[in-house]
Every structure is written in structure tokens, then in C-alpha cells.
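Next comes work24.txt, with compact mmCIF, C-alpha atoms and all ligand atoms.
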```txt
# COMPACT_ATOMS: atom_id res chain seq x y z
CA MET A 1 -146.20 -63.56 -78.41
CA LEU A 2 -146.36 -61.76 -81.75
CA SER A 3 -143.26 -59.95 -82.98
CA ILE A 4 -143.90 -57.01 -85.26
CA ILE A 5 -140.92 -56.06 -87.41
CA VAL A 6 -140.88 -52.60 -88.93
CA PRO A 7 -138.00 -51.60 -91.21
CA ALA A 8 -137.57 -47.83 -91.21
CA TYR A 9 -135.38 -45.62 -93.34
CA ASN A 10 -135.72 -41.85 -92.91
CA GLU A 11 -139.20 -42.21 -91.46
CA GLU A 12 -139.14 -39.52 -88.76
CA GLU A 13 -142.62 -38.37 -89.77
CA ASN A 14 -144.07 -41.86 -89.36
CA ILE A 15 -142.43 -43.54 -86.38
CA GLU A 16 -144.54 -42.10 -83.58
CA ASN A 17 -147.81 -42.47 -85.41
CA THR A 18 -147.04 -46.03 -86.55
CA CYS A 19 -146.02 -47.00 -83.04
CA SER A 20 -149.15 -45.64 -81.38
CA VAL A 21 -151.46 -47.11 -84.05
CA ILE A 22 -149.92 -50.59 -83.79
CA CYS A 23 -149.72 -50.58 -79.99
CA GLY A 24 -153.33 -49.41 -79.84
CA ILE A 25 -154.57 -52.21 -82.09
CA MET A 26 -152.64 -54.86 -80.18
CA LYS A 27 -153.90 -53.68 -76.79
CA GLU A 28 -157.47 -53.44 -78.02
CA ASN A 29 -157.37 -57.04 -79.23
CA GLY A 30 -155.45 -58.33 -76.23
CA ILE A 31 -152.53 -59.63 -78.26
CA ASP A 32 -149.22 -60.01 -76.46
CA PHE A 33 -146.63 -58.38 -78.72
CA GLU A 34 -143.20 -56.87 -79.19
CA LEU A 35 -142.62 -54.08 -81.68
CA ILE A 36 -139.18 -54.08 -83.31
CA PHE A 37 -138.14 -51.02 -85.28
CA VAL A 38 -135.08 -51.63 -87.46
CA ASP A 39 -133.48 -48.32 -88.36
CA ASP A 40 -131.78 -48.91 -91.69
CA GLY A 41 -129.13 -46.21 -91.24
CA SER A 42 -131.48 -43.23 -91.37
CA LYS A 43 -130.02 -39.78 -91.72
CA ASP A 44 -132.86 -37.96 -89.96
CA ARG A 45 -134.28 -38.20 -86.44
CA THR A 46 -135.69 -41.71 -86.90
CA TRP A 47 -133.33 -43.34 -84.42
CA GLU A 48 -133.81 -40.64 -81.78
CA LEU A 49 -137.55 -41.29 -81.89
CA ILE A 50 -137.17 -45.07 -81.80
CA ASP A 51 -134.79 -44.77 -78.88
CA ARG A 52 -137.19 -42.57 -76.96
CA LEU A 53 -140.18 -44.82 -77.66
CA SER A 54 -138.25 -47.88 -76.51
CA ARG A 55 -137.55 -46.15 -73.18
CA GLU A 56 -141.17 -45.17 -72.70
CA ASN A 57 -142.67 -48.48 -73.77
CA LYS A 58 -141.29 -51.86 -72.76
CA SER A 59 -142.87 -53.58 -75.76
CA VAL A 60 -140.87 -51.44 -78.19
CA ARG A 61 -137.39 -52.46 -79.24
CA GLY A 62 -135.04 -50.70 -81.62
CA LEU A 63 -132.15 -51.93 -83.77
CA LYS A 64 -129.92 -49.44 -85.52
CA PHE A 65 -127.81 -50.21 -88.57
CA SER A 66 -124.46 -48.50 -88.95
CA ARG A 67 -125.44 -47.38 -92.45
CA ASN A 68 -128.15 -47.98 -95.04
CA PHE A 69 -128.02 -51.70 -95.86
CA GLY A 70 -131.42 -51.91 -97.54
CA LYS A 71 -134.83 -53.19 -96.52
CA GLU A 72 -133.90 -56.86 -96.99
CA GLY A 73 -131.18 -56.52 -94.39
CA ALA A 74 -133.53 -54.76 -92.03
CA VAL A 75 -136.21 -57.45 -92.36
CA PHE A 76 -133.75 -60.28 -91.77
CA ALA A 77 -132.15 -58.48 -88.81
CA GLY A 78 -135.60 -58.27 -87.25
CA LEU A 79 -136.34 -61.93 -87.95
CA LYS A 80 -133.03 -62.96 -86.39
CA ARG A 81 -133.66 -61.08 -83.18
CA CYS A 82 -137.39 -61.42 -82.66
CA LEU A 83 -138.55 -63.59 -79.77
CA GLY A 84 -142.21 -64.17 -80.66
CA ASP A 85 -144.00 -67.42 -81.49
CA CYS A 86 -144.81 -65.74 -84.76
CA ALA A 87 -143.57 -62.62 -86.49
CA VAL A 88 -145.13 -60.15 -88.86
CA VAL A 89 -143.25 -57.78 -91.18
CA ILE A 90 -144.95 -54.47 -91.93
CA ASP A 91 -143.93 -51.18 -93.58
CA CYS A 92 -143.42 -48.09 -91.51
CA ASP A 93 -145.62 -45.86 -93.68
CA LEU A 94 -148.88 -47.70 -92.86
CA GLN A 95 -149.39 -48.61 -96.53
CA HIS A 96 -150.01 -52.06 -95.14
CA PRO A 97 -153.25 -51.72 -93.13
CA PRO A 98 -152.23 -52.63 -89.56
CA LEU A 99 -155.71 -53.82 -88.61
CA LEU A 100 -155.19 -56.78 -90.94
CA MET A 101 -152.60 -58.07 -88.49
CA VAL A 102 -155.41 -59.15 -86.16
CA GLU A 103 -156.99 -61.25 -88.91
CA MET A 104 -153.60 -62.70 -89.81
CA TYR A 105 -152.97 -63.53 -86.18
CA GLU A 106 -156.30 -65.35 -85.97
CA LEU A 107 -155.39 -67.41 -89.03
CA TRP A 108 -152.08 -68.27 -87.39
CA LYS A 109 -153.95 -69.48 -84.33
CA GLN A 110 -155.98 -71.71 -86.62
CA GLY A 111 -152.74 -73.42 -87.62
CA TYR A 112 -151.55 -71.55 -90.70
CA GLN A 113 -147.79 -71.07 -90.58
CA VAL A 114 -147.44 -68.47 -93.32
CA VAL A 115 -150.10 -65.81 -93.77
CA GLU A 116 -149.45 -63.68 -96.83
CA ALA A 117 -151.16 -60.37 -97.38
CA VAL A 118 -151.79 -60.01 -101.11
CA LYS A 119 -152.37 -56.69 -102.83
CA ALA A 120 -155.91 -56.66 -104.22
CA SER A 121 -155.16 -53.33 -105.84
CA ARG A 122 -151.73 -51.84 -106.23
CA GLY A 123 -152.59 -48.37 -105.01
CA LYS A 124 -151.26 -45.30 -106.71
CA GLU A 125 -148.34 -46.17 -108.95
CA GLY A 126 -146.92 -44.70 -112.12
CA PHE A 127 -147.45 -46.44 -115.45
CA VAL A 128 -143.75 -47.24 -115.89
CA TYR A 129 -143.53 -48.68 -112.39
CA LYS A 130 -146.59 -50.87 -113.01
CA PHE A 131 -145.16 -52.08 -116.33
CA PHE A 132 -141.82 -53.07 -114.81
CA ALA A 133 -143.50 -54.73 -111.84
CA LYS A 134 -145.60 -56.81 -114.25
CA CYS A 135 -142.56 -57.88 -116.32
CA PHE A 136 -140.62 -58.72 -113.21
CA TYR A 137 -143.33 -60.87 -111.64
CA GLY A 138 -144.04 -62.53 -114.99
CA LEU A 139 -140.40 -63.56 -115.37
CA MET A 140 -140.26 -64.77 -111.78
CA LYS A 141 -143.34 -66.93 -112.23
CA SER A 142 -142.33 -68.42 -115.56
CA SER A 143 -139.01 -69.52 -114.22
CA SER A 144 -139.29 -70.28 -110.55
CA ASP A 145 -142.93 -71.30 -110.17
CA ILE A 146 -143.41 -68.78 -107.40
CA ASP A 147 -146.54 -66.80 -108.15
CA MET A 148 -145.81 -63.33 -106.94
CA LYS A 149 -148.61 -61.35 -108.49
CA GLY A 150 -149.72 -58.90 -105.84
CA ALA A 151 -147.10 -60.20 -103.42
CA SER A 152 -145.93 -57.85 -100.72
CA ASP A 153 -143.57 -57.96 -97.79
CA TYR A 154 -146.55 -57.90 -95.43
CA LYS A 155 -146.46 -61.41 -94.01
CA LEU A 156 -146.97 -63.28 -90.82
CA LEU A 157 -144.61 -66.18 -90.20
CA ASP A 158 -144.69 -68.92 -87.61
CA ARG A 159 -141.62 -69.46 -85.43
CA GLN A 160 -140.75 -72.56 -87.45
CA VAL A 161 -140.74 -70.56 -90.67
CA VAL A 162 -138.71 -67.75 -89.09
CA ASP A 163 -136.15 -70.33 -87.96
CA ALA A 164 -136.07 -71.86 -91.45
CA LEU A 165 -135.43 -68.44 -92.97
CA ASN A 166 -132.77 -67.64 -90.39
CA ASP A 167 -131.06 -70.93 -91.18
CA LEU A 168 -130.68 -70.09 -94.88
CA PRO A 169 -126.97 -69.62 -95.45
CA GLU A 170 -127.24 -67.37 -98.50
CA ARG A 171 -126.43 -63.70 -98.19
CA ILE A 172 -128.31 -62.27 -101.15
CA THR A 173 -131.88 -62.67 -99.99
CA PHE A 174 -135.28 -61.81 -101.38
CA PHE A 175 -137.69 -61.99 -98.49
CA ARG A 176 -140.84 -61.86 -100.59
CA ALA A 177 -139.90 -64.93 -102.65
CA LEU A 178 -137.99 -66.86 -100.00
CA SER A 179 -140.92 -66.83 -97.61
CA SER A 180 -142.91 -68.64 -100.32
CA TRP A 181 -139.99 -70.84 -101.27
CA VAL A 182 -139.73 -72.33 -97.76
CA GLY A 183 -143.27 -73.67 -98.10
CA PHE A 184 -145.36 -74.58 -95.02
CA LYS A 185 -149.10 -74.28 -94.58
CA THR A 186 -150.03 -70.99 -96.18
CA ALA A 187 -153.07 -68.73 -96.13
CA LYS A 188 -153.68 -65.55 -98.09
CA VAL A 189 -155.58 -62.42 -97.16
CA GLU A 190 -156.22 -59.54 -99.48
CA PHE A 191 -155.68 -55.87 -98.81
CA ASN A 192 -155.81 -52.59 -100.65
CA VAL A 193 -152.63 -50.56 -100.65
CA ALA A 194 -153.26 -47.37 -98.72
CA PRO A 195 -151.54 -44.15 -99.70
CA ARG A 196 -148.32 -43.41 -97.87
CA ASN A 197 -148.97 -41.89 -94.45
CA ALA A 198 -146.23 -39.24 -94.66
CA GLY A 199 -142.97 -38.65 -96.48
CA LYS A 200 -141.80 -39.95 -99.87
CA SER A 201 -141.12 -43.46 -101.10
CA LYS A 202 -137.62 -44.52 -100.15
CA TRP A 203 -137.00 -46.35 -103.41
CA SER A 204 -135.42 -44.57 -106.33
CA PHE A 205 -135.77 -46.06 -109.82
CA ARG A 206 -132.10 -47.03 -109.79
CA LYS A 207 -132.42 -48.78 -106.46
CA LEU A 208 -135.51 -50.67 -107.63
CA PHE A 209 -133.86 -51.72 -110.88
CA ARG A 210 -130.83 -53.05 -109.04
CA PHE A 211 -133.10 -54.84 -106.60
CA ALA A 212 -135.09 -56.45 -109.44
CA MET A 213 -131.95 -57.59 -111.30
CA SER A 214 -130.45 -59.06 -108.17
CA ASN A 215 -133.65 -60.94 -107.36
CA LEU A 216 -134.14 -62.22 -110.88
CA THR A 217 -130.63 -63.59 -111.05
CA SER A 218 -130.89 -65.22 -107.67
CA PHE A 219 -134.11 -67.02 -108.56
CA THR A 220 -133.93 -67.73 -112.26
CA ASN A 221 -131.51 -68.40 -115.09
CA VAL A 222 -133.92 -67.36 -117.82
CA PRO A 223 -131.79 -64.40 -119.02
CA MET A 224 -128.95 -66.82 -119.66
CA GLN A 225 -131.17 -69.28 -121.49
CA ILE A 226 -132.12 -66.50 -123.87
CA VAL A 227 -128.50 -66.52 -125.11
CA THR A 228 -128.54 -70.26 -125.73
CA VAL A 229 -131.88 -70.20 -127.52
CA THR A 230 -130.78 -67.27 -129.71
CA GLY A 231 -127.63 -69.22 -130.50
CA PHE A 232 -129.65 -72.19 -131.72
CA LEU A 233 -131.98 -70.00 -133.78
CA PHE A 234 -128.96 -68.32 -135.29
CA PHE A 235 -127.49 -71.74 -136.06
CA VAL A 236 -130.65 -72.85 -137.88
CA ALA A 237 -130.59 -69.61 -139.89
CA ALA A 238 -126.90 -70.21 -140.57
CA ILE A 239 -127.65 -73.63 -142.10
CA VAL A 240 -130.40 -72.25 -144.32
CA ILE A 241 -128.38 -69.27 -145.53
CA GLY A 242 -125.32 -71.51 -145.77
CA ILE A 243 -127.10 -73.88 -148.16
CA GLN A 244 -128.26 -70.94 -150.24
CA THR A 245 -124.71 -69.56 -150.35
CA LEU A 246 -123.33 -72.94 -151.40
CA VAL A 247 -125.94 -73.26 -154.13
CA ASN A 248 -125.03 -69.81 -155.41
CA PHE A 249 -121.36 -70.73 -155.27
CA PHE A 250 -121.72 -73.95 -157.25
CA THR A 251 -124.06 -72.43 -159.81
CA GLY A 252 -121.52 -69.67 -160.28
CA ASN A 253 -123.79 -66.85 -159.10
CA ALA A 254 -121.57 -65.83 -156.20
CA LEU A 255 -118.93 -63.13 -155.98
CA GLU A 256 -115.37 -64.41 -155.58
CA GLY A 257 -114.52 -65.18 -151.92
CA PHE A 258 -117.77 -63.83 -150.58
CA SER A 259 -119.32 -67.24 -149.85
CA THR A 260 -116.49 -68.20 -147.50
CA VAL A 261 -116.93 -64.98 -145.53
CA ILE A 262 -120.69 -65.46 -145.16
CA LEU A 263 -120.27 -69.07 -144.05
CA LEU A 264 -117.56 -68.23 -141.54
CA ILE A 265 -119.50 -65.36 -139.96
CA LEU A 266 -122.68 -67.42 -139.64
CA LEU A 267 -120.97 -70.46 -138.19
CA THR A 268 -118.70 -68.68 -135.72
CA GLY A 269 -121.50 -66.37 -134.60
CA SER A 270 -123.91 -69.14 -133.75
CA LEU A 271 -121.28 -71.43 -132.24
CA ILE A 272 -120.00 -68.66 -129.95
CA MET A 273 -123.51 -67.96 -128.73
CA ILE A 274 -124.22 -71.61 -128.01
CA ALA A 275 -120.88 -71.93 -126.23
CA LEU A 276 -121.63 -68.87 -124.11
CA GLY A 277 -124.97 -70.36 -123.19
CA ILE A 278 -123.36 -73.63 -122.14
CA ILE A 279 -120.77 -71.83 -120.04
CA GLY A 280 -123.52 -69.73 -118.54
CA TYR A 281 -125.37 -72.89 -117.64
CA TYR A 282 -122.39 -74.21 -115.69
CA ILE A 283 -121.95 -70.86 -113.98
CA SER A 284 -125.60 -70.86 -112.95
CA LYS A 285 -125.13 -74.35 -111.51
CA ILE A 286 -122.09 -73.17 -109.56
CA TYR A 287 -124.15 -70.25 -108.34
CA GLU A 288 -126.93 -72.56 -107.20
CA GLU A 289 -124.43 -74.64 -105.29
CA ILE A 290 -122.65 -71.81 -103.54
CA LYS A 291 -125.96 -70.45 -102.34
CA CYS A 292 -126.03 -73.61 -100.21
CA ARG A 293 -129.78 -73.47 -99.94
CA PRO A 294 -131.06 -76.49 -98.06
CA ARG A 295 -132.46 -79.16 -100.34
CA TYR A 296 -135.59 -79.54 -98.26
CA ILE A 297 -137.17 -78.26 -95.10
CA ILE A 298 -139.04 -80.61 -92.79
CA SER A 299 -142.10 -79.06 -91.24
CA TYR A 300 -143.21 -82.01 -89.16
CA ASP A 301 -141.47 -85.02 -87.66
CA THR A 302 -143.47 -87.46 -85.56
CA VAL A 303 -140.41 -88.49 -83.54
CA GLN A 304 -139.88 -84.91 -82.45
CA ARG A 305 -143.49 -84.73 -81.33
CA ARG A 306 -143.09 -87.89 -79.27
CA ASP A 307 -139.96 -86.47 -77.61
CA LYS A 308 -141.80 -83.30 -76.79
CA GLU A 309 -144.74 -85.16 -75.29
CA GLU A 310 -142.40 -87.29 -73.18
CA ARG A 311 -140.61 -84.20 -71.96
CA ASN A 312 -143.91 -82.62 -71.04
CA THR A 313 -145.05 -85.63 -69.03
CA VAL A 314 -141.71 -85.69 -67.18
CA ASN A 315 -142.14 -81.99 -66.41
CA ASP A 316 -145.65 -82.62 -65.15
CA LYS A 317 -144.42 -85.35 -62.78
CA ASN A 318 -141.77 -83.05 -61.32
N1 LIG A 401 -136.95 -49.08 -96.24
C1 LIG A 401 -135.77 -49.49 -95.60
N2 LIG A 401 -134.58 -49.32 -96.24
C2 LIG A 401 -134.48 -48.77 -97.50
C3 LIG A 401 -135.69 -48.40 -98.15
C4 LIG A 401 -136.89 -48.57 -97.49
O1 LIG A 401 -135.82 -49.99 -94.48
O2 LIG A 401 -133.37 -48.65 -98.01
C5 LIG A 401 -138.25 -49.25 -95.55
C6 LIG A 401 -139.08 -47.99 -95.43
O3 LIG A 401 -138.75 -47.24 -94.29
C7 LIG A 401 -140.49 -48.54 -95.33
C8 LIG A 401 -140.42 -49.81 -96.17
O4 LIG A 401 -139.03 -50.13 -96.31
O5 LIG A 401 -140.85 -48.90 -94.01
C9 LIG A 401 -141.05 -49.62 -97.54
O6 LIG A 401 -140.48 -48.50 -98.19
P1 LIG A 401 -141.32 -47.49 -99.07
O7 LIG A 401 -142.62 -47.19 -98.42
O8 LIG A 401 -140.42 -46.34 -99.38
O9 LIG A 401 -141.54 -48.38 -100.38
P2 LIG A 401 -142.83 -48.42 -101.31
O10 LIG A 401 -144.02 -48.51 -100.41
O11 LIG A 401 -142.78 -47.19 -102.10
O12 LIG A 401 -142.62 -49.68 -102.12
MG MG A 402 -144.50 -47.55 -98.82
```

What's the C-alpha cells form of this structure?
Amino acid sequence: MLSIIVPAYNEEENIENTCSVICGIMKENGIDFELIFVDDGSKDRTWELIDRLSRENKSVRGLKFSRNFGKEGAVFAGLKRCLGDCAVVIDCDLQHPPLLMVEMYELWKQGYQVVEAVKASRGKEGFVYKFFAKCFYGLMKSSSDIDMKGASDYKLLDRQVVDALNDLPERITFFRALSSWVGFKTAKVEFNVAPRNAGKSKWSFRKLFRFAMSNLTSFTNVPMQIVTVTGFLFFVAAIVIGIQTLVNFFTGNALEGFSTVILLILLTGSLIMIALGIIGYYISKIYEEIKCRPRYIISYDTVQRRDKEERNTVNDKN
């Protein structure tokens, strides 16, 4: 069975349409499915509609948050509760073409455990938004080796991957990066971002900025390294200017007392920066540790397979 997880926040204009489109596609292609709407504390009629749809259609299930916890929470709530052999996460506004799910499902049947839908074109976005997205993904790639250009939350995950994600103990999550971080056999399909079906984007600039900062700091310590590197550069400059100051002092070209001030400012400035960088480094290590991320994830174990085969033969005999 395929679980389809749809986070929804103030999407009253989209719920019914999204539901009928997805159900239609699944029935047409004969895919056994469950459709899970996660209402992320909407203030409009979203939940009413989800509730009604879930009564009318047995394949539809609704989860309602007590308040707005954010899309990440909604996605992970869906992953925790889904029952399928694989799960797909898709936006409620049909910006992710739902027909692609069929192709992704086929790839899953061929043995791919993660099928990522990659944005071939980013759709209609403002210049500022595009610029920040580029900076963000650039920083992520340079520091964590996860190439996220064109990455989206539109992904199909095998049960094993869903379980691996559910087992992550950390609380600050970034679905888009974590689903790559866990590894497994991955395929990519491209799609063009469609315009939003109805309603406005649910992300304000402030919300996006906070989201980006939180994700950057949970995947990289580049911002902190900038402090250390600046400290070292400053220190090199301090030595050069220091020598010049000393030369001036000994040749008698310096003002009284001024050389000491220059030397002190340069030295303390650079040493403080280096020290901050070192402290930051330890803090980032502590942060890494308290995330308690598993050190590895095993995707295949031959002993487990043997156990399973033995169990199956016993079942056959009974
Ligand atoms: N969403 C959510 N909680 C939020 C914000 C958004 O569950 O706090 C959902 C929203 O309902 C939609 C998906 O996340 O299904 C993507 O949101 P949106 O289309 O507003 O983002 P954009 O496409 O502009 O990046
Ligand atoms: Mg959208």
C-alpha cells in the first residue's frame, strides 16, 4: 500500500480538489493507497473538510494539530502514523504534479527506496526569494555534501527509510535534507513546479528566514568557521602592522604611547576572535552529540533475510 501524506495549513480552497484528484489518479492506476491529511492547526474550514472527506471515503485519514507547528512537524506526524509499504509526501496546493506519483511508485517497485522529485524549473518566484534559495543551497552543499539544488519535499520513501527517519531521535528536523542523509538506493525524477492551485503561499519571509537559519545550523558549522578564519586573517594582519609599528617606534617615527595601543588592540582583537572560534567549535561538537543521530544506518543484513526466509517456510508448512 502507498501512503500519501499531505500537510495542510489553511487550505480550505484546496482540500476537496486535491483529494478528488489524488484519489482519481490512484484508482485509475489501480494503486492501493491511503491518503493522510495533516491539518497543521488551520484557522479556516480545513479540518471540517478533512473530517467530512474521511467519513465519506475509507482511504482518507485526517490528523489535526492543536496549533500551527509547521510543515516539518506535519510531515513527520504523517510518516509516524502511515501504514503503507512506501509513503509519498506531497503539497496540498498541487504545485507538485500528482501524476508523477505513479512514475515514482513504478520506480519504487523496481527496487528504489528513495525517489526524489527534483525541480527542473522553480516556477514563479521573486528575485529575492530565488537569490536566498541559491545562497542557502550553496552553503548547504559546501558544508554537508548534500546536493539540494532543485530539492523539494516531494519524495517517495520505502518503509525502511520511513522507519529510519522515525527512529531519528533529534527534534529539530529538516525533512528535505534528512531524507538524503539517510542514504539508501535513490532515484530522481524531474518535474516543473506548477502554479499554486488556489490560495496564497503559507510561508512569510520571516518564517522562511527562520526555517533557513535553523536548517543551516543543524547541518553545518560554516558560519562559526567564518569567525575562526577571520580571527586568523586578523592575526596575520596584526603581525604585519605590528612589525611596522615596532619599526616606527625604534626609528623614532612614532607618537609617544601610540605603538603600545596599536599593538594591544591588534593582538587582543585577533586572539579573542580565534578563541571564540575554538569555543564555537566545541559547542558545535556538543550540538552534534546531543542530536544523537545514529552513526550509520544498515539497509541490508543477510542474517535478517535468512531469518525471514526461514519464517516464511515455517508458515508455509503450517
Ligand atoms: N504548510 C503547513 N504548515 C505551515 C506552512 C505550510 O503544513 O506552517 C503546508 C501547506 O499547506 C502546503 C505545503 O506546506 O501543503 C507547502 O506550503 P506552500 O504551498 O505555502 O509553500 P510554497 O509552495 O510557497 O513553498
Ligand atoms: Mg506551494

Could you tell me, counting only C-alpha atoms and all ligand atoms, which protein and nucleic acid residues lie no more than 6 Å from ligand LIG 401 (chain A), written as JSON, numbers by chain? {"A": [7, 8, 9, 11, 40, 70, 71, 74, 91, 92, 93, 201, 202, 203]}

Counting only C-alpha atoms and all ligand atoms, the option among A:Cys135, A:Val261, A:Leu233, A:Leu94 closest to ligand MG 402 (chain A): A:Leu94

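Of the residues under consideration (A:Ile5, A:Leu276, A:Ala187, A:Met224), A:Ile5 shows the shortest atom-to-atom contact distance to Leu79 (chain A) when counting all atoms listed in the file.
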
Can you measure CA of Gly24 (chain A) to CA of Tyr154 (chain A) for me? One decimal in Å is fine. 19.0 Å

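Relative to CA of Ser284 (chain A), CA of Ile226 (chain A) is found at 13.4 Å.
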